[in-house]
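Source file: final.tsv; contents: TSV, C-alpha atoms and all ligand atoms.
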```
chain	number	residue	atom	x	y	z
A	232	MET	CA	84.73	84.20	86.75
A	233	ALA	CA	86.46	87.24	85.20
A	234	ALA	CA	83.74	87.28	82.59
A	235	SER	CA	79.99	86.82	82.45
A	236	GLU	CA	78.51	83.85	80.60
A	237	ASP	CA	78.52	85.81	77.33
A	238	GLY	CA	82.22	86.59	77.75
A	239	THR	CA	81.80	90.19	78.87
A	240	PRO	CA	83.89	91.19	81.91
A	241	PHE	CA	81.54	91.33	84.90
A	242	TRP	CA	82.82	94.71	86.11
A	243	THR	CA	81.76	96.33	82.85
A	244	THR	CA	78.18	95.09	82.98
A	245	LYS	CA	77.31	94.92	86.67
A	246	LEU	CA	76.88	97.63	89.25
A	247	LEU	CA	78.90	97.09	92.41
A	248	ASP	CA	75.81	96.06	94.35
A	249	GLU	CA	74.93	93.47	91.69
A	250	MET	CA	78.19	91.54	92.00
A	251	THR	CA	78.46	88.16	93.68
A	252	ALA	CA	80.68	87.85	96.74
A	253	GLU	CA	83.28	86.12	94.60
A	254	GLU	CA	83.23	88.87	91.97
A	255	TRP	CA	83.44	91.53	94.68
A	256	GLU	CA	86.53	89.95	96.19
A	257	ALA	CA	88.13	89.49	92.77
A	258	LEU	CA	87.67	93.19	92.06
A	259	CYS	CA	90.11	94.17	94.81
A	260	ASP	CA	93.45	94.83	93.10
A	261	GLY	CA	95.50	93.88	96.17
A	262	CYS	CA	97.22	97.26	96.46
A	263	GLY	CA	96.90	97.53	100.24
A	264	ARG	CA	96.40	101.28	100.08
A	265	CYS	CA	93.17	101.20	102.07
A	266	CYS	CA	95.12	99.54	104.89
A	267	LEU	CA	97.33	102.58	105.45
A	268	LEU	CA	96.75	104.41	108.71
A	269	LYS	CA	94.84	107.65	108.58
A	270	LEU	CA	95.29	110.28	111.29
A	271	GLU	CA	92.49	112.68	112.15
A	272	ASP	CA	93.36	116.21	113.18
A	273	GLU	CA	91.53	116.81	116.45
A	274	ASP	CA	91.26	120.53	115.75
A	275	ASP	CA	89.68	120.62	112.31
A	276	GLY	CA	88.68	117.00	111.68
A	277	SER	CA	90.87	116.73	108.57
A	278	VAL	CA	92.18	113.26	107.77
A	279	HIS	CA	95.83	112.69	106.87
A	280	LEU	CA	97.21	109.62	105.17
A	281	THR	CA	100.40	107.98	106.44
A	282	ARG	CA	102.75	105.41	104.96
A	283	LEU	CA	102.20	103.24	108.01
A	284	ALA	CA	100.36	100.02	107.29
A	285	CYS	CA	97.87	98.41	109.61
A	286	GLY	CA	99.55	95.90	111.88
A	287	LEU	CA	97.60	93.05	110.28
A	288	LEU	CA	98.73	93.83	106.74
A	289	ASP	CA	101.22	91.38	105.30
A	290	ILE	CA	103.16	94.05	103.45
A	291	GLY	CA	105.03	91.60	101.23
A	292	LYS	CA	101.76	90.20	99.89
A	293	CYS	CA	99.67	93.35	100.43
A	294	ARG	CA	96.99	91.15	101.94
A	295	CYS	CA	95.36	91.09	105.34
A	296	SER	CA	97.03	88.39	107.42
A	297	ASP	CA	93.76	87.55	109.20
A	298	TYR	CA	90.98	88.60	106.88
A	299	GLU	CA	88.32	86.47	108.58
A	300	ASN	CA	88.89	87.99	112.01
A	301	ARG	CA	90.01	91.45	110.95
A	302	HIS	CA	87.16	93.37	112.52
A	303	ALA	CA	87.57	91.63	115.86
A	304	LYS	CA	91.30	92.26	115.88
A	305	MET	CA	91.24	95.73	114.32
A	306	PRO	CA	88.01	97.52	115.28
A	307	ASP	CA	88.98	100.49	113.09
A	308	CYS	CA	89.13	98.34	109.96
A	309	VAL	CA	86.48	99.60	107.57
A	310	ALA	CA	84.65	96.99	105.48
A	311	ILE	CA	84.26	98.49	102.04
A	312	ASP	CA	80.85	98.01	100.45
A	313	PRO	CA	79.02	99.58	97.48
A	314	VAL	CA	77.61	102.39	99.64
A	315	LYS	CA	80.88	103.21	101.39
A	316	VAL	CA	82.78	103.32	98.10
A	317	LYS	CA	80.91	106.52	97.31
A	318	ARG	CA	81.26	108.02	100.78
A	319	LEU	CA	84.84	107.31	101.84
A	320	ALA	CA	86.85	110.32	100.71
A	321	TRP	CA	90.10	108.60	101.70
A	322	LEU	CA	89.58	105.65	99.39
A	323	PRO	CA	92.42	106.04	96.85
A	324	THR	CA	91.51	107.11	93.34
A	325	SER	CA	93.31	103.99	92.12
A	326	CYS	CA	91.01	101.69	94.11
A	327	ALA	CA	89.25	99.32	91.74
A	328	TYR	CA	85.92	99.73	93.53
A	329	ARG	CA	86.15	103.50	93.24
A	330	ARG	CA	87.23	103.34	89.60
A	331	VAL	CA	84.30	101.11	88.67
A	332	ALA	CA	81.85	103.19	90.72
A	333	GLU	CA	83.04	106.30	88.87
A	334	GLY	CA	82.81	104.64	85.46
A	335	ARG	CA	86.59	104.70	84.91
A	336	GLY	CA	87.01	100.97	84.45
A	337	LEU	CA	90.09	99.05	85.52
A	338	ALA	CA	93.67	100.10	84.79
A	339	TRP	CA	96.14	97.97	82.84
A	340	TRP	CA	97.87	96.87	86.02
A	341	HIS	CA	94.74	95.42	87.62
A	342	PRO	CA	95.15	91.63	87.92
A	343	LEU	CA	91.82	91.07	86.15
A	344	ILE	CA	93.18	92.97	83.14
A	345	SER	CA	96.83	91.89	83.18
A	346	GLY	CA	96.22	88.33	84.32
A	347	SER	CA	98.99	88.69	86.89
A	348	PRO	CA	98.84	89.63	90.59
A	349	GLU	CA	102.30	91.18	90.21
A	350	THR	CA	101.41	94.10	87.94
A	351	VAL	CA	99.84	96.12	90.74
A	352	HIS	CA	103.26	96.02	92.40
A	353	GLU	CA	105.27	96.55	89.24
A	354	ALA	CA	103.24	99.66	88.43
A	355	GLY	CA	104.06	101.12	91.84
A	356	ILE	CA	100.42	101.19	92.87
A	357	SER	CA	100.72	98.85	95.84
A	358	VAL	CA	102.21	99.80	99.18
A	359	ARG	CA	104.61	96.85	99.14
A	360	ASP	CA	107.79	98.79	98.53
A	361	TRP	CA	107.29	101.87	100.66
A	362	SER	CA	104.98	101.23	103.58
A	363	LEU	CA	106.07	100.39	107.11
A	364	SER	CA	104.09	98.40	109.66
A	365	GLU	CA	102.58	100.49	112.43
A	366	THR	CA	103.86	97.84	114.83
A	367	ARG	CA	107.39	99.11	114.24
A	368	VAL	CA	106.66	102.70	115.24
A	369	SER	CA	105.63	104.32	118.51
A	370	PRO	CA	102.16	105.89	118.26
A	371	LEU	CA	103.81	109.09	119.48
A	372	ASP	CA	105.72	109.20	116.19
A	373	PHE	CA	102.86	108.40	113.80
A	374	GLU	CA	102.62	112.02	112.64
A	375	ARG	CA	106.13	111.83	111.23
A	376	PHE	CA	104.86	109.37	108.61
A	377	ILE	CA	102.15	111.54	107.07
A	378	ILE	CA	102.34	111.58	103.27
A	379	SER	CA	100.59	113.46	100.50
A	380	ASP	CA	97.43	111.97	99.09
A	381	LEU	CA	97.95	109.20	96.55
A	382	ASP	CA	96.43	110.32	93.27
A	383	ASP	CA	98.09	108.28	90.56
A	384	GLY	CA	95.31	105.92	89.78
A	401	LIG	S1	92.38	100.30	97.93
A	401	LIG	FE1	90.68	99.21	96.97
A	401	LIG	S2	91.63	97.87	95.45
A	401	LIG	FE2	93.27	98.52	96.85
A	401	LIG	S3	93.36	96.90	98.43
A	401	LIG	FE3	91.95	98.49	99.16
A	401	LIG	S4	89.90	97.79	98.53
A	401	LIG	FE4	91.42	96.65	97.31
A	402	LIG	S1	92.58	94.57	109.48
A	402	LIG	FE1	93.27	93.72	107.52
A	402	LIG	S2	91.87	94.55	105.96
A	402	LIG	FE2	91.63	95.79	107.84
A	402	LIG	S3	93.02	97.55	107.57
A	402	LIG	FE3	94.16	95.95	108.67
A	402	LIG	S4	95.22	94.76	107.11
A	402	LIG	FE4	93.64	95.97	106.07
```
What do you get writing this file as structure tokens?
Ligand code: SF4
Ligand code: SF4
Amino acid sequence: MAASEDGTPFWTTKLLDEMTAEEWEALCDGCGRCCLLKLEDEDDGSVHLTRLACGLLDIGKCRCSDYENRHAKMPDCVAIDPVKVKRLAWLPTSCAYRRVAEGRGLAWWHPLISGSPETVHEAGISVRDWSLSETRVSPLDFERFIISDLDDG
């Protein structure tokens, strides 16, 4: 599935909106960065990233713990699709969908390149080692967890 019938990796020959559902899911690198809370400044509308992870994120695995029901349980969860990839300014530059949409290809640590789901963690791209579940923090303190934008991808 990582390659087309002629052996060419599907993400190098297909546009995002041409991929099958299976290919689309495989393209996610499992970093969990899109599951970090974003805070919007009520005064100027600016959006600030935090190191707080959505309460449904299994931080150890960097996977949603209830992917099927995520929108019912977390109404703010944004389903990423080929159109949104180009519109969501907060989508990290490392995000595989963004990289492919921008013609940058996949990085060495992407599981489809390395063959291992661990490399996204080993490269420090995933949120596994430094995020904190929002469930462990009072909403009144969310602002204390604002971080700089992630730009290492
Ligand atoms: S940021 Fe992109 S690649 Fe990383 S988990 Fe989210 S959708 Fe997947
Ligand atoms: S509901 Fe799941 S997919 Fe959506 S932001 Fe939370 S952990 Fe991520």
Two-atom distance - atom CA of Asp274 of chain A, atom CA of Val368 of chain A (Å): 23.6 Å
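When atom CA of Phe241 of chain A is paired with atom CA of Thr324 of chain A, their separation reads 20.5 Å.
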Test item: residues lying within 9 Å of ligand LIG 401 (chain A) with only C-alpha atoms and all ligand atoms, as a ChimeraX atom specification: /A:256,258-266,293-294,310-311,316,322-329,341,356-357
Selected residue of minimal separation from ligand LIG 402 (chain A) among A:Ala354, A:Leu267, A:Leu337, A:Val278, counting only C-alpha atoms and all ligand atoms: A:Leu267
Neighbourhood of ligand LIG 402 (chain A) at 6 Å, counting all atoms listed in the file, reported as a VMD selection string: chain A and resid 266 285 287 to 288 295 298 301 305 308
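Remark: for Arg282 of chain A, the closest of the candidate residues A:Leu247, A:Ala332, A:Leu381, A:Leu268 is A:Leu268 (distances computed over only C-alpha atoms).
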Distance in Å - atom CA of Arg330 of chain A versus atom CA of Leu270 of chain A: 24.2 Å
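With only the atoms specified (all atoms listed in the file) counting, those residues at most 9 Å away from (109.4, 104.0, 109.2) are Arg282, Leu283, Ser362, Leu363, Ser364, Glu365, Arg367, Val368, Arg375 and Phe376 of chain A.
Nearest-residue note for Ile378 of chain A: choosing from A:Ile290, A:Trp339, A:Trp242, A:Leu280, the minimum distance belongs to A:Leu280, counting all atoms listed in the file.
Of the residues under consideration (A:Asp272, A:Lys292, A:Ala284, A:Arg318), A:Lys292 shows the shortest atom-to-atom contact distance to Pro348 of chain A when counting all atoms listed in the file.
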Quick one: what's the axis-aligned box for segment 330-340 of chain A, all listed atoms, 6 Å on every side, centre and edges in Å to one decimal, as lines of an AutoDock Vina configuration file?
```
center_x = 89.9
center_y = 101.6
center_z = 86.8
size_x = 28.0
size_y = 21.4
size_z = 19.9
```
At the level of N, CA and C atoms, write segment 277-320 of chain A to a file as a PDB file, in the first residue's frame, please.
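Below is the file part29.pdb, written as the result:
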```pdb
ATOM      1  N   SER A 277      -5.801  36.398  17.119  1.00  0.00           N
ATOM      2  CA  SER A 277      -4.605  35.581  16.871  1.00  0.00           C
ATOM      3  C   SER A 277      -4.729  34.239  17.598  1.00  0.00           C
ATOM      4  N   VAL A 278      -4.115  33.228  17.015  1.00  0.00           N
ATOM      5  CA  VAL A 278      -4.203  31.867  17.560  1.00  0.00           C
ATOM      6  C   VAL A 278      -2.857  31.465  18.135  1.00  0.00           C
ATOM      7  N   HIS A 279      -2.866  30.948  19.356  1.00  0.00           N
ATOM      8  CA  HIS A 279      -1.626  30.581  20.039  1.00  0.00           C
ATOM      9  C   HIS A 279      -1.627  29.090  20.375  1.00  0.00           C
ATOM     10  N   LEU A 280      -0.530  28.464  20.009  1.00  0.00           N
ATOM     11  CA  LEU A 280      -0.375  27.029  20.253  1.00  0.00           C
ATOM     12  C   LEU A 280       0.019  26.786  21.709  1.00  0.00           C
ATOM     13  N   THR A 281      -0.457  25.688  22.272  1.00  0.00           N
ATOM     14  CA  THR A 281      -0.048  25.307  23.628  1.00  0.00           C
ATOM     15  C   THR A 281       0.568  23.910  23.580  1.00  0.00           C
ATOM     16  N   ARG A 282       1.196  23.534  24.682  1.00  0.00           N
ATOM     17  CA  ARG A 282       1.705  22.150  24.747  1.00  0.00           C
ATOM     18  C   ARG A 282       0.707  21.244  25.452  1.00  0.00           C
ATOM     19  N   LEU A 283      -0.524  21.693  25.532  1.00  0.00           N
ATOM     20  CA  LEU A 283      -1.588  20.868  26.106  1.00  0.00           C
ATOM     21  C   LEU A 283      -2.251  20.047  25.008  1.00  0.00           C
ATOM     22  N   ALA A 284      -2.337  18.765  25.252  1.00  0.00           N
ATOM     23  CA  ALA A 284      -2.944  17.875  24.258  1.00  0.00           C
ATOM     24  C   ALA A 284      -4.426  17.696  24.546  1.00  0.00           C
ATOM     25  N   CYS A 285      -5.173  17.549  23.478  1.00  0.00           N
ATOM     26  CA  CYS A 285      -6.600  17.232  23.589  1.00  0.00           C
ATOM     27  C   CYS A 285      -6.795  16.076  24.569  1.00  0.00           C
ATOM     28  N   GLY A 286      -7.870  16.152  25.329  1.00  0.00           N
ATOM     29  CA  GLY A 286      -8.135  15.127  26.328  1.00  0.00           C
ATOM     30  C   GLY A 286      -8.307  13.728  25.760  1.00  0.00           C
ATOM     31  N   LEU A 287      -8.596  13.614  24.481  1.00  0.00           N
ATOM     32  CA  LEU A 287      -8.765  12.284  23.876  1.00  0.00           C
ATOM     33  C   LEU A 287      -7.469  11.725  23.315  1.00  0.00           C
ATOM     34  N   LEU A 288      -6.409  12.537  23.310  1.00  0.00           N
ATOM     35  CA  LEU A 288      -5.146  12.032  22.746  1.00  0.00           C
ATOM     36  C   LEU A 288      -4.468  11.076  23.732  1.00  0.00           C
ATOM     37  N   ASP A 289      -4.158   9.898  23.239  1.00  0.00           N
ATOM     38  CA  ASP A 289      -3.314   8.973  24.000  1.00  0.00           C
ATOM     39  C   ASP A 289      -1.885   9.452  23.749  1.00  0.00           C
ATOM     40  N   ILE A 290      -1.332  10.168  24.698  1.00  0.00           N
ATOM     41  CA  ILE A 290      -0.036  10.822  24.467  1.00  0.00           C
ATOM     42  C   ILE A 290       1.079   9.802  24.247  1.00  0.00           C
ATOM     43  N   GLY A 291       1.021   8.694  24.929  1.00  0.00           N
ATOM     44  CA  GLY A 291       2.062   7.671  24.763  1.00  0.00           C
ATOM     45  C   GLY A 291       2.117   7.127  23.344  1.00  0.00           C
ATOM     46  N   LYS A 292       0.957   6.999  22.731  1.00  0.00           N
ATOM     47  CA  LYS A 292       0.897   6.468  21.355  1.00  0.00           C
ATOM     48  C   LYS A 292       0.776   7.582  20.323  1.00  0.00           C
ATOM     49  N   CYS A 293       0.467   8.790  20.786  1.00  0.00           N
ATOM     50  CA  CYS A 293       0.183   9.923  19.887  1.00  0.00           C
ATOM     51  C   CYS A 293      -0.937   9.572  18.916  1.00  0.00           C
ATOM     52  N   ARG A 294      -1.943   8.909  19.428  1.00  0.00           N
ATOM     53  CA  ARG A 294      -3.103   8.556  18.617  1.00  0.00           C
ATOM     54  C   ARG A 294      -4.374   8.924  19.370  1.00  0.00           C
ATOM     55  N   CYS A 295      -5.405   9.239  18.624  1.00  0.00           N
ATOM     56  CA  CYS A 295      -6.688   9.538  19.243  1.00  0.00           C
ATOM     57  C   CYS A 295      -7.217   8.272  19.910  1.00  0.00           C
ATOM     58  N   SER A 296      -7.676   8.398  21.135  1.00  0.00           N
ATOM     59  CA  SER A 296      -8.138   7.213  21.861  1.00  0.00           C
ATOM     60  C   SER A 296      -9.555   6.805  21.460  1.00  0.00           C
ATOM     61  N   ASP A 297     -10.251   7.662  20.710  1.00  0.00           N
ATOM     62  CA  ASP A 297     -11.589   7.293  20.232  1.00  0.00           C
ATOM     63  C   ASP A 297     -11.824   7.951  18.874  1.00  0.00           C
ATOM     64  N   TYR A 298     -11.033   7.518  17.924  1.00  0.00           N
ATOM     65  CA  TYR A 298     -11.031   8.145  16.597  1.00  0.00           C
ATOM     66  C   TYR A 298     -12.420   8.122  15.949  1.00  0.00           C
ATOM     67  N   GLU A 299     -13.133   7.016  16.103  1.00  0.00           N
ATOM     68  CA  GLU A 299     -14.440   6.885  15.454  1.00  0.00           C
ATOM     69  C   GLU A 299     -15.440   7.915  15.963  1.00  0.00           C
ATOM     70  N   ASN A 300     -15.383   8.198  17.255  1.00  0.00           N
ATOM     71  CA  ASN A 300     -16.382   9.082  17.864  1.00  0.00           C
ATOM     72  C   ASN A 300     -15.814  10.448  18.230  1.00  0.00           C
ATOM     73  N   ARG A 301     -14.664  10.791  17.641  1.00  0.00           N
ATOM     74  CA  ARG A 301     -13.963  11.991  18.095  1.00  0.00           C
ATOM     75  C   ARG A 301     -14.772  13.277  17.922  1.00  0.00           C
ATOM     76  N   HIS A 302     -15.524  13.366  16.854  1.00  0.00           N
ATOM     77  CA  HIS A 302     -16.252  14.623  16.628  1.00  0.00           C
ATOM     78  C   HIS A 302     -17.446  14.768  17.570  1.00  0.00           C
ATOM     79  N   ALA A 303     -18.017  13.644  17.966  1.00  0.00           N
ATOM     80  CA  ALA A 303     -19.115  13.692  18.923  1.00  0.00           C
ATOM     81  C   ALA A 303     -18.596  14.061  20.308  1.00  0.00           C
ATOM     82  N   LYS A 304     -17.424  13.530  20.631  1.00  0.00           N
ATOM     83  CA  LYS A 304     -16.872  13.772  21.965  1.00  0.00           C
ATOM     84  C   LYS A 304     -16.116  15.092  22.061  1.00  0.00           C
ATOM     85  N   MET A 305     -15.508  15.501  20.960  1.00  0.00           N
ATOM     86  CA  MET A 305     -14.724  16.738  20.945  1.00  0.00           C
ATOM     87  C   MET A 305     -15.185  17.588  19.755  1.00  0.00           C
ATOM     88  N   PRO A 306     -16.228  18.372  19.936  1.00  0.00           N
ATOM     89  CA  PRO A 306     -16.781  19.146  18.817  1.00  0.00           C
ATOM     90  C   PRO A 306     -15.760  20.070  18.151  1.00  0.00           C
ATOM     91  N   ASP A 307     -14.717  20.457  18.876  1.00  0.00           N
ATOM     92  CA  ASP A 307     -13.704  21.334  18.289  1.00  0.00           C
ATOM     93  C   ASP A 307     -12.682  20.588  17.430  1.00  0.00           C
ATOM     94  N   CYS A 308     -12.735  19.275  17.437  1.00  0.00           N
ATOM     95  CA  CYS A 308     -11.773  18.499  16.653  1.00  0.00           C
ATOM     96  C   CYS A 308     -11.995  18.781  15.165  1.00  0.00           C
ATOM     97  N   VAL A 309     -10.941  19.170  14.502  1.00  0.00           N
ATOM     98  CA  VAL A 309     -11.030  19.519  13.080  1.00  0.00           C
ATOM     99  C   VAL A 309     -10.600  18.324  12.231  1.00  0.00           C
ATOM    100  N   ALA A 310     -11.494  17.862  11.368  1.00  0.00           N
ATOM    101  CA  ALA A 310     -11.140  16.775  10.436  1.00  0.00           C
ATOM    102  C   ALA A 310     -10.322  17.392   9.306  1.00  0.00           C
ATOM    103  N   ILE A 311      -9.126  16.901   9.143  1.00  0.00           N
ATOM    104  CA  ILE A 311      -8.251  17.446   8.104  1.00  0.00           C
ATOM    105  C   ILE A 311      -8.589  16.778   6.770  1.00  0.00           C
ATOM    106  N   ASP A 312      -8.775  17.607   5.758  1.00  0.00           N
ATOM    107  CA  ASP A 312      -9.044  17.089   4.415  1.00  0.00           C
ATOM    108  C   ASP A 312      -8.191  17.881   3.421  1.00  0.00           C
ATOM    109  N   PRO A 313      -8.196  17.482   2.155  1.00  0.00           N
ATOM    110  CA  PRO A 313      -7.311  18.147   1.182  1.00  0.00           C
ATOM    111  C   PRO A 313      -7.526  19.656   1.069  1.00  0.00           C
ATOM    112  N   VAL A 314      -8.742  20.121   1.276  1.00  0.00           N
ATOM    113  CA  VAL A 314      -9.004  21.564   1.201  1.00  0.00           C
ATOM    114  C   VAL A 314      -8.466  22.264   2.447  1.00  0.00           C
ATOM    115  N   LYS A 315      -8.747  21.673   3.609  1.00  0.00           N
ATOM    116  CA  LYS A 315      -8.318  22.309   4.868  1.00  0.00           C
ATOM    117  C   LYS A 315      -6.796  22.343   4.999  1.00  0.00           C
ATOM    118  N   VAL A 316      -6.128  21.370   4.427  1.00  0.00           N
ATOM    119  CA  VAL A 316      -4.658  21.351   4.524  1.00  0.00           C
ATOM    120  C   VAL A 316      -4.079  22.680   4.036  1.00  0.00           C
ATOM    121  N   LYS A 317      -4.710  23.267   3.031  1.00  0.00           N
ATOM    122  CA  LYS A 317      -4.194  24.510   2.466  1.00  0.00           C
ATOM    123  C   LYS A 317      -4.691  25.742   3.212  1.00  0.00           C
ATOM    124  N   ARG A 318      -5.693  25.561   4.051  1.00  0.00           N
ATOM    125  CA  ARG A 318      -6.294  26.721   4.723  1.00  0.00           C
ATOM    126  C   ARG A 318      -5.929  26.857   6.194  1.00  0.00           C
ATOM    127  N   LEU A 319      -5.572  25.748   6.831  1.00  0.00           N
ATOM    128  CA  LEU A 319      -5.323  25.787   8.272  1.00  0.00           C
ATOM    129  C   LEU A 319      -3.907  26.285   8.559  1.00  0.00           C
ATOM    130  N   ALA A 320      -3.803  27.528   8.958  1.00  0.00           N
ATOM    131  CA  ALA A 320      -2.483  28.116   9.198  1.00  0.00           C
ATOM    132  C   ALA A 320      -1.779  27.427  10.359  1.00  0.00           C
TER     133      ALA A 320
END
```
